[in-house]
Amino acid sequence: MAGYKILQADKQGIYVLKFIGEIRLNLCSTLDNLVESITRDPEFKTVVIDLTETDIVDSTTLGLLAKIALAAYKQSQFLPTLISTNPDVTRIISSMGFDKIFIIVREPASRIEDLEEIPVLKASEQQVREKVLDAHKVLMAMNSKNREEFKDLVRALECEEPG
């Protein structure tokens, strides 16, 4: 089994995403594609993100999760739900201000059925850089702590862009 997996289910515009293992930069194209596909769905109302089996989540992934949370709120005016039982993951998401854009549940969800594994997409180095830059800009826009935390990284990534 790979060290990571993303599972998905949806019913009547409510999406459930379950992240298993180490969710890092290597999944940014897959996750960004998923976010775009969900937010284009005219039935999309909200999302439940299950991190109960997530060991590690990096800042790029957090930026993409923030992106989908903001889109869900814009669509329905309801905060989406994030489930995290791992104290390390919960500490990271709380420190990033996710309690402002998600309802954070610290208890495991009851049985989630019919989840399908999302195939991992291949991405070029430039595509990954663009996803990383976009994800960190979303995090920076959330609060001043994040803005300060990621400003040097964003500046460096912007300087690396071809052009």
# chains A, B, ... in the order shown; residues from 1 in each chain; ligands from 1

$ select_by_dssp --residues "range 59-142 of chain A" --states "strand (DSSP E or B)" --output "PyMOL selection string"
chain A and resi 81-83+103-105+116-117

$ write_last_selection --atoms "N, CA and C atoms" --output "PDB file, in the first residue's frame"
ATOM      1  N   THR A  81     -16.967  21.014   7.496  1.00  0.00           N
ATOM      2  CA  THR A  81     -16.509  20.280   8.674  1.00  0.00           C
ATOM      3  C   THR A  81     -15.175  19.615   8.401  1.00  0.00           C
ATOM      4  N   LEU A  82     -14.300  19.670   9.390  1.00  0.00           N
ATOM      5  CA  LEU A  82     -13.006  19.002   9.327  1.00  0.00           C
ATOM      6  C   LEU A  82     -12.908  18.118  10.563  1.00  0.00           C
ATOM      7  N   ILE A  83     -12.633  16.831  10.357  1.00  0.00           N
ATOM      8  CA  ILE A  83     -12.535  15.877  11.464  1.00  0.00           C
ATOM      9  C   ILE A  83     -11.069  15.525  11.656  1.00  0.00           C
ATOM     10  N   ILE A 103     -15.715  23.923  10.847  1.00  0.00           N
ATOM     11  CA  ILE A 103     -16.124  23.378  12.142  1.00  0.00           C
ATOM     12  C   ILE A 103     -15.169  22.218  12.365  1.00  0.00           C
ATOM     13  N   ILE A 104     -14.386  22.283  13.424  1.00  0.00           N
ATOM     14  CA  ILE A 104     -13.400  21.230  13.680  1.00  0.00           C
ATOM     15  C   ILE A 104     -13.972  20.257  14.707  1.00  0.00           C
ATOM     16  N   VAL A 105     -14.047  18.996  14.307  1.00  0.00           N
ATOM     17  CA  VAL A 105     -14.566  17.931  15.152  1.00  0.00           C
ATOM     18  C   VAL A 105     -13.390  17.057  15.544  1.00  0.00           C
ATOM     19  N   GLU A 116     -14.553   6.355  -2.791  1.00  0.00           N
ATOM     20  CA  GLU A 116     -13.752   5.866  -3.906  1.00  0.00           C
ATOM     21  C   GLU A 116     -12.383   6.515  -3.850  1.00  0.00           C
ATOM     22  N   GLU A 117     -11.360   5.739  -4.156  1.00  0.00           N
ATOM     23  CA  GLU A 117     -10.007   6.291  -4.154  1.00  0.00           C
ATOM     24  C   GLU A 117      -9.823   7.224  -5.351  1.00  0.00           C
TER      25      GLU A 117
END

$ residues_around --residues "Pro42 in chain A" --least-positions-apart "5" --cutoff "12 Å" --atoms "only C-alpha atoms" --output "ChimeraX atom specification"
/A:12-14,36-37,72,75-76

$ atom_distance --atom1 "CA of Lys131 in chain A" --atom2 "CA of Lys11 in chain A"
27.6 Å

$ residues_around --residues "Asp58 in chain A" --least-positions-apart "3" --cutoff "9 Å" --atoms "only C-alpha atoms" --output "number ranges by chain"
A: 22-25, 61-63

$ residues_around --residues "Glu158 in chain A" --least-positions-apart "4" --cutoff "12 Å" --atoms "only C-alpha atoms" --output "PDB file with N, CA, C and O atoms, in the first residue's frame"
ATOM      1  N   GLN A 126       6.971  22.728 -12.754  1.00  0.00           N
ATOM      2  CA  GLN A 126       6.333  24.045 -12.865  1.00  0.00           C
ATOM      3  C   GLN A 126       4.891  23.998 -12.362  1.00  0.00           C
ATOM      4  O   GLN A 126       4.450  24.902 -11.659  1.00  0.00           O
ATOM      5  N   ARG A 129       5.023  23.891  -8.618  1.00  0.00           N
ATOM      6  CA  ARG A 129       5.389  25.210  -8.089  1.00  0.00           C
ATOM      7  C   ARG A 129       4.169  26.137  -8.090  1.00  0.00           C
ATOM      8  O   ARG A 129       3.916  26.847  -7.121  1.00  0.00           O
ATOM      9  N   GLU A 130       3.398  26.128  -9.170  1.00  0.00           N
ATOM     10  CA  GLU A 130       2.206  26.979  -9.254  1.00  0.00           C
ATOM     11  C   GLU A 130       1.179  26.603  -8.192  1.00  0.00           C
ATOM     12  O   GLU A 130       0.565  27.475  -7.575  1.00  0.00           O
ATOM     13  N   LYS A 131       0.985  25.308  -7.971  1.00  0.00           N
ATOM     14  CA  LYS A 131       0.024  24.848  -6.952  1.00  0.00           C
ATOM     15  C   LYS A 131       0.501  25.235  -5.558  1.00  0.00           C
ATOM     16  O   LYS A 131      -0.292  25.662  -4.722  1.00  0.00           O
ATOM     17  N   VAL A 132       1.796  25.079  -5.302  1.00  0.00           N
ATOM     18  CA  VAL A 132       2.363  25.443  -4.002  1.00  0.00           C
ATOM     19  C   VAL A 132       2.190  26.940  -3.765  1.00  0.00           C
ATOM     20  O   VAL A 132       1.761  27.367  -2.684  1.00  0.00           O
ATOM     21  N   LEU A 133       2.486  27.744  -4.756  1.00  0.00           N
ATOM     22  CA  LEU A 133       2.354  29.196  -4.648  1.00  0.00           C
ATOM     23  C   LEU A 133       0.907  29.584  -4.368  1.00  0.00           C
ATOM     24  O   LEU A 133       0.619  30.343  -3.435  1.00  0.00           O
ATOM     25  N   ASP A 134      -0.012  29.042  -5.140  1.00  0.00           N
ATOM     26  CA  ASP A 134      -1.433  29.356  -4.959  1.00  0.00           C
ATOM     27  C   ASP A 134      -1.921  28.936  -3.578  1.00  0.00           C
ATOM     28  O   ASP A 134      -2.619  29.694  -2.891  1.00  0.00           O
ATOM     29  N   HIS A 136      -0.244  28.567  -0.790  1.00  0.00           N
ATOM     30  CA  HIS A 136       0.313  29.415   0.268  1.00  0.00           C
ATOM     31  C   HIS A 136      -0.272  30.821   0.241  1.00  0.00           C
ATOM     32  O   HIS A 136      -0.406  31.456   1.271  1.00  0.00           O
ATOM     33  N   LYS A 137      -0.654  31.304  -0.920  1.00  0.00           N
ATOM     34  CA  LYS A 137      -1.332  32.601  -0.990  1.00  0.00           C
ATOM     35  C   LYS A 137      -2.692  32.528  -0.302  1.00  0.00           C
ATOM     36  O   LYS A 137      -3.101  33.483   0.369  1.00  0.00           O
ATOM     37  N   LYS A 151       5.427  34.528   3.902  1.00  0.00           N
ATOM     38  CA  LYS A 151       5.770  35.586   2.947  1.00  0.00           C
ATOM     39  C   LYS A 151       7.101  35.320   2.239  1.00  0.00           C
ATOM     40  O   LYS A 151       7.213  35.550   1.038  1.00  0.00           O
ATOM     41  N   ASP A 152       8.105  34.825   2.964  1.00  0.00           N
ATOM     42  CA  ASP A 152       9.401  34.562   2.333  1.00  0.00           C
ATOM     43  C   ASP A 152       9.314  33.425   1.316  1.00  0.00           C
ATOM     44  O   ASP A 152       9.902  33.494   0.236  1.00  0.00           O
ATOM     45  N   LEU A 153       8.570  32.385   1.659  1.00  0.00           N
ATOM     46  CA  LEU A 153       8.391  31.265   0.737  1.00  0.00           C
ATOM     47  C   LEU A 153       7.680  31.736  -0.529  1.00  0.00           C
ATOM     48  O   LEU A 153       8.115  31.433  -1.641  1.00  0.00           O
ATOM     49  N   VAL A 154       6.615  32.505  -0.386  1.00  0.00           N
ATOM     50  CA  VAL A 154       5.864  32.992  -1.542  1.00  0.00           C
ATOM     51  C   VAL A 154       6.751  33.896  -2.398  1.00  0.00           C
ATOM     52  O   VAL A 154       6.781  33.775  -3.621  1.00  0.00           O
ATOM     53  N   PRO A 162       9.228  31.179 -14.229  1.00  0.00           N
ATOM     54  CA  PRO A 162       9.839  31.530 -15.508  1.00  0.00           C
ATOM     55  C   PRO A 162       9.133  32.733 -16.107  1.00  0.00           C
ATOM     56  O   PRO A 162       7.948  32.941 -15.905  1.00  0.00           O
ATOM     57  N   GLY A 163       9.852  33.513 -16.809  1.00  0.00           N
ATOM     58  CA  GLY A 163       9.186  34.655 -17.423  1.00  0.00           C
ATOM     59  C   GLY A 163      10.161  35.704 -17.645  1.00  0.00           C
ATOM     60  O   GLY A 163      10.362  36.602 -18.235  1.00  0.00           O
TER      61      GLY A 163
END

$ closest_residue --among "A:Ser84, A:Thr30, A:Gln127, A:Thr39" --to "Ile56 in chain A" --atoms "only C-alpha atoms"
A:Ser84

$ residues_around --residues "range 51-55 of chain A" --least-positions-apart "2" --cutoff "12 Å" --atoms "only C-alpha atoms" --output "MDAnalysis selection string"
chainID A and resid 3:7 16:24 48:49 57:58 61:62 65 81:90 92:93 104:110

$ atom_distance --atom1 "CA of Gln8 in chain A" --atom2 "CA of Ser124 in chain A"
24.5 Å

$ atom_distance --atom1 "CA of Glu148 in chain A" --atom2 "CA of Thr46 in chain A"
29.4 Å

$ select_by_dssp --residues "range 41-126 of chain A" --states "alpha helix (DSSP H)" --output "PyMOL selection string"
chain A and resi 59-76+87-95+125-126

$ closest_residue --among "A:Arg155, A:Lys67, A:Arg147, A:Arg91" --to "Ile38 in chain A" --atoms "only C-alpha atoms"
A:Lys67

$ residues_around --residues "Ser29 in chain A" --least-positions-apart "2" --cutoff "9 Å" --atoms "only C-alpha atoms" --output "number ranges by chain"
A: 25-27, 31-34, 120-123, 127-128, 131
